[in-house]
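Remarks on the structure that follows.
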Amino acid sequence: MGHRRAGDTLRRFYEVLDAAFGPQHWWPGETRDEVILGAVLTQNTAWRNVERAIDRLKSAKALALRSIRALDEADLAALIRPAGTYRVKARRLKALVSWIDARCDGDLDALFAKDAARLRAGLLGVPGVGPETADAIMLYAGSIPTFVVDAYTLRVLRRHFVIDEAAEYDDVQALFHCHLDRDPGVFGQYHALFVELGKRFCKPRANCDVCPLRDWAHDALL
DNA sequence: TGCCAGGCCGGGT
DNA sequence: ACCCGGCATGGC
């Protein structure tokens, strides 16, 4: 991959998208607990359905890690049902909360103060926490500057020939880590911009007639 | 009606 | 290392 051009292109993409869409205020969630729970609930799921599950947790006064800890797994599953794959997610939420408890006794300040690479490795060791979930938790709940790659990110970058079809999560993440300043605010906004672009102009099949990045479609890295 | 959504895991080859 | 089905709801 071209190295100098890579940074230029990624910065340019950001400028164009930021100008087109403005501040996105991600992650949508008022507390760190809510962000952490939402990161699992949104796995392969439309955010609309995640909101329903979050609303139900809120109504049950269970939108907190300590509530998840106290809830029976079957009851938790029933509460988060609108999010889909709810039995799987109930198990994953339980596992994640247990791990956080074991790690730092539920103290999120202590959790996120640890070495970032160690923290990420630890999160990846929790069954049901993959790279995107781990990075979303670290970035949006912990303000740790790790870049979140998701289906939208890959689709947008592939369609604009910034990455090839074979590029995987860590490859793409490394691209951003190498060429951009590690600013959690910028990383958070950038990821949000990819999602916004993906939803509006980069659907799985549709082409990108009025996509803000249209003029850059064939002028990228590879 | 089928495809999709802010993934991840386990089994098979 | 790669490929694939399962998980499951709700919207278009």
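Residues in the structure tokens are numbered from 1 in each chain, the chains being A, B, ... in the order shown, and ligands are numbered from 1 in the order shown.
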Residue neighbourhood DC2 in chain C, 12 Å, only C-alpha atoms (C1' of nucleotides), exclusion window fewer than 4 positions, as number ranges by chain = A: 166; B: 12-13
Keeping only N, CA, C and O atoms (P, O5', C5', C4', C3', O3' and C1' of nucleotides), take the residues you just selected and write them out as a PDB file, in the first residue's frame.
ATOM      1  N   ALA A 166      -9.661  -8.841   0.323  1.00  0.00           N
ATOM      2  CA  ALA A 166      -9.070  -9.761   1.292  1.00  0.00           C
ATOM      3  C   ALA A 166      -8.695  -9.083   2.608  1.00  0.00           C
ATOM      4  O   ALA A 166      -8.379  -9.756   3.577  1.00  0.00           O
TER       5      ALA A 166
ATOM      6  P    DG B  12     -17.973 -31.602  13.031  1.00  0.00           P
ATOM      7  O5'  DG B  12     -17.511 -31.323  11.528  1.00  0.00           O
ATOM      8  C5'  DG B  12     -18.478 -30.967  10.542  1.00  0.00           C
ATOM      9  C4'  DG B  12     -17.760 -30.445   9.311  1.00  0.00           C
ATOM     10  C3'  DG B  12     -16.683 -31.395   8.778  1.00  0.00           C
ATOM     11  O3'  DG B  12     -17.022 -31.798   7.458  1.00  0.00           O
ATOM     12  C1'  DG B  12     -15.894 -29.136   8.913  1.00  0.00           C
ATOM     13  P    DT B  13     -16.205 -33.023   6.761  1.00  0.00           P
ATOM     14  O5'  DT B  13     -15.140 -32.223   5.865  1.00  0.00           O
ATOM     15  C5'  DT B  13     -15.597 -31.330   4.873  1.00  0.00           C
ATOM     16  C4'  DT B  13     -14.431 -30.506   4.340  1.00  0.00           C
ATOM     17  C3'  DT B  13     -13.228 -31.341   3.898  1.00  0.00           C
ATOM     18  O3'  DT B  13     -13.022 -31.149   2.503  1.00  0.00           O
ATOM     19  C1'  DT B  13     -12.561 -29.434   5.176  1.00  0.00           C
TER      20       DT B  13
END
Could you build a table of the residues in chain B lying no more than 9 Å from chain A, giving for each the nearest pair of atoms and their separation in Å rounded to one decimal place, using only C-alpha atoms (C1' of nucleotides), ordered by chain and ascending residue number, as a Markdown table?
| residue | atom | partner | partner_atom | distance |
| --- | --- | --- | --- | --- |
| B:DC4 | C1' | A:Pro204 | CA | 8.6 |
| B:DA5 | C1' | A:Ala46 | CA | 4.1 |
| B:DG6 | C1' | A:Thr42 | CA | 6.3 |
| B:DG7 | C1' | A:Gln43 | CA | 4.6 |
| B:DC8 | C1' | A:Gly128 | CA | 5.9 |
| B:DC9 | C1' | A:Gly128 | CA | 7.5 |
With C-alpha atoms (C1' of nucleotides) retained, write the just-selected residues as an mmCIF file, in the first residue's frame.
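File produced: part10.cif:
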data_model
loop_
_atom_site.group_PDB
_atom_site.id
_atom_site.type_symbol
_atom_site.label_atom_id
_atom_site.label_comp_id
_atom_site.auth_asym_id
_atom_site.auth_seq_id
_atom_site.Cartn_x
_atom_site.Cartn_y
_atom_site.Cartn_z
ATOM 1 C "C1'" DC B 4 -30.450 -6.844 5.741
ATOM 2 C "C1'" DA B 5 -28.744 -5.071 10.295
ATOM 3 C "C1'" DG B 6 -22.925 -1.091 13.898
ATOM 4 C "C1'" DG B 7 -20.623 -9.925 14.958
ATOM 5 C "C1'" DC B 8 -19.021 -13.876 16.775
ATOM 6 C "C1'" DC B 9 -18.530 -18.777 17.467
#
task = Could you please write out, as a PyMOL selection string, every residue of chain A that DSSP assigns to alpha helix (DSSP H)?
result = chain A and resi 3-21+32-41+47-59+65-70+73-79+86-104+108-113+116-124+131-136+151-159+169-179+184-201
Determine, for each residue of chain A having at least one atom at most 8 Å from an atom of chain C, the closest pair of atoms and their separation in Å to one decimal, counting only C-alpha atoms (C1' of nucleotides); order by chain and ascending number, as CSV.
residue,atom,partner,partner_atom,distance
A:Asn49,CA,C:DG10,C1',6.8
A:Arg81,CA,C:DT9,C1',7.1
A:Pro82,CA,C:DT9,C1',5.3
A:Ala83,CA,C:DT9,C1',5.8
A:Gly84,CA,C:DT9,C1',4.1
A:Thr85,CA,C:DA8,C1',4.6
A:Tyr86,CA,C:DA8,C1',7.2
A:Val88,CA,C:DC7,C1',6.9
request  = Just the residues within 12 Å of Arg205 in chain A, please, counting only C-alpha atoms (C1' of nucleotides), with nothing from its chain fewer than 5 positions along; format it as a PyMOL selection string.
outcome  = (chain A and resi 155-156+159+198-199) or (chain B and resi 3-4)
Limited to N, CA, C and O atoms (P, O5', C5', C4', C3', O3' and C1' of nucleotides), could you put the picked residues into a file as a PDB file, in the first residue's frame?
ATOM      1  N   ARG A 155     -17.135  -2.106   3.844  1.00  0.00           N
ATOM      2  CA  ARG A 155     -17.859  -1.956   2.583  1.00  0.00           C
ATOM      3  C   ARG A 155     -17.494  -0.647   1.889  1.00  0.00           C
ATOM      4  O   ARG A 155     -17.257  -0.608   0.681  1.00  0.00           O
ATOM      5  N   VAL A 156     -17.460   0.426   2.673  1.00  0.00           N
ATOM      6  CA  VAL A 156     -17.122   1.732   2.096  1.00  0.00           C
ATOM      7  C   VAL A 156     -15.703   1.723   1.533  1.00  0.00           C
ATOM      8  O   VAL A 156     -15.471   2.133   0.393  1.00  0.00           O
ATOM      9  N   ARG A 159     -15.457  -0.502  -1.562  1.00  0.00           N
ATOM     10  CA  ARG A 159     -16.127   0.036  -2.751  1.00  0.00           C
ATOM     11  C   ARG A 159     -15.363   1.212  -3.345  1.00  0.00           C
ATOM     12  O   ARG A 159     -15.483   1.510  -4.527  1.00  0.00           O
ATOM     13  N   GLY A 198     -22.476   4.701   5.131  1.00  0.00           N
ATOM     14  CA  GLY A 198     -22.917   3.368   4.745  1.00  0.00           C
ATOM     15  C   GLY A 198     -24.427   3.256   4.695  1.00  0.00           C
ATOM     16  O   GLY A 198     -24.985   2.698   3.752  1.00  0.00           O
ATOM     17  N   LYS A 199     -25.090   3.790   5.702  1.00  0.00           N
ATOM     18  CA  LYS A 199     -26.545   3.703   5.751  1.00  0.00           C
ATOM     19  C   LYS A 199     -27.189   4.471   4.605  1.00  0.00           C
ATOM     20  O   LYS A 199     -28.185   4.048   4.030  1.00  0.00           O
TER      21      LYS A 199
ATOM     22  P    DC B   3     -32.622 -13.842  -0.413  1.00  0.00           P
ATOM     23  O5'  DC B   3     -32.144 -12.427   0.160  1.00  0.00           O
ATOM     24  C5'  DC B   3     -32.360 -11.275  -0.641  1.00  0.00           C
ATOM     25  C4'  DC B   3     -32.074 -10.037   0.179  1.00  0.00           C
ATOM     26  C3'  DC B   3     -30.773 -10.130   0.989  1.00  0.00           C
ATOM     27  O3'  DC B   3     -30.065  -8.917   0.841  1.00  0.00           O
ATOM     28  C1'  DC B   3     -32.585  -9.573   2.415  1.00  0.00           C
ATOM     29  P    DC B   4     -28.533  -8.862   1.183  1.00  0.00           P
ATOM     30  O5'  DC B   4     -28.540  -7.906   2.455  1.00  0.00           O
ATOM     31  C5'  DC B   4     -29.219  -6.657   2.372  1.00  0.00           C
ATOM     32  C4'  DC B   4     -29.516  -6.155   3.766  1.00  0.00           C
ATOM     33  C3'  DC B   4     -28.342  -6.263   4.753  1.00  0.00           C
ATOM     34  O3'  DC B   4     -27.848  -4.969   5.025  1.00  0.00           O
ATOM     35  C1'  DC B   4     -30.450  -6.844   5.741  1.00  0.00           C
TER      36       DC B   4
END
Separation of CA of Leu65 in chain A from CA of Ile80 in chain A in Å =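 According to the coordinates, CA of Ile80 in chain A and CA of Leu65 in chain A are separated by 14.2 Å.
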ask   = Which value, in Å to one decimal, gives the distance between CA of Leu17 in chain A and CA of Leu193 in chain A?
value =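 Straight-line distance from CA of Leu17 in chain A to CA of Leu193 in chain A works out to 6.3 Å.
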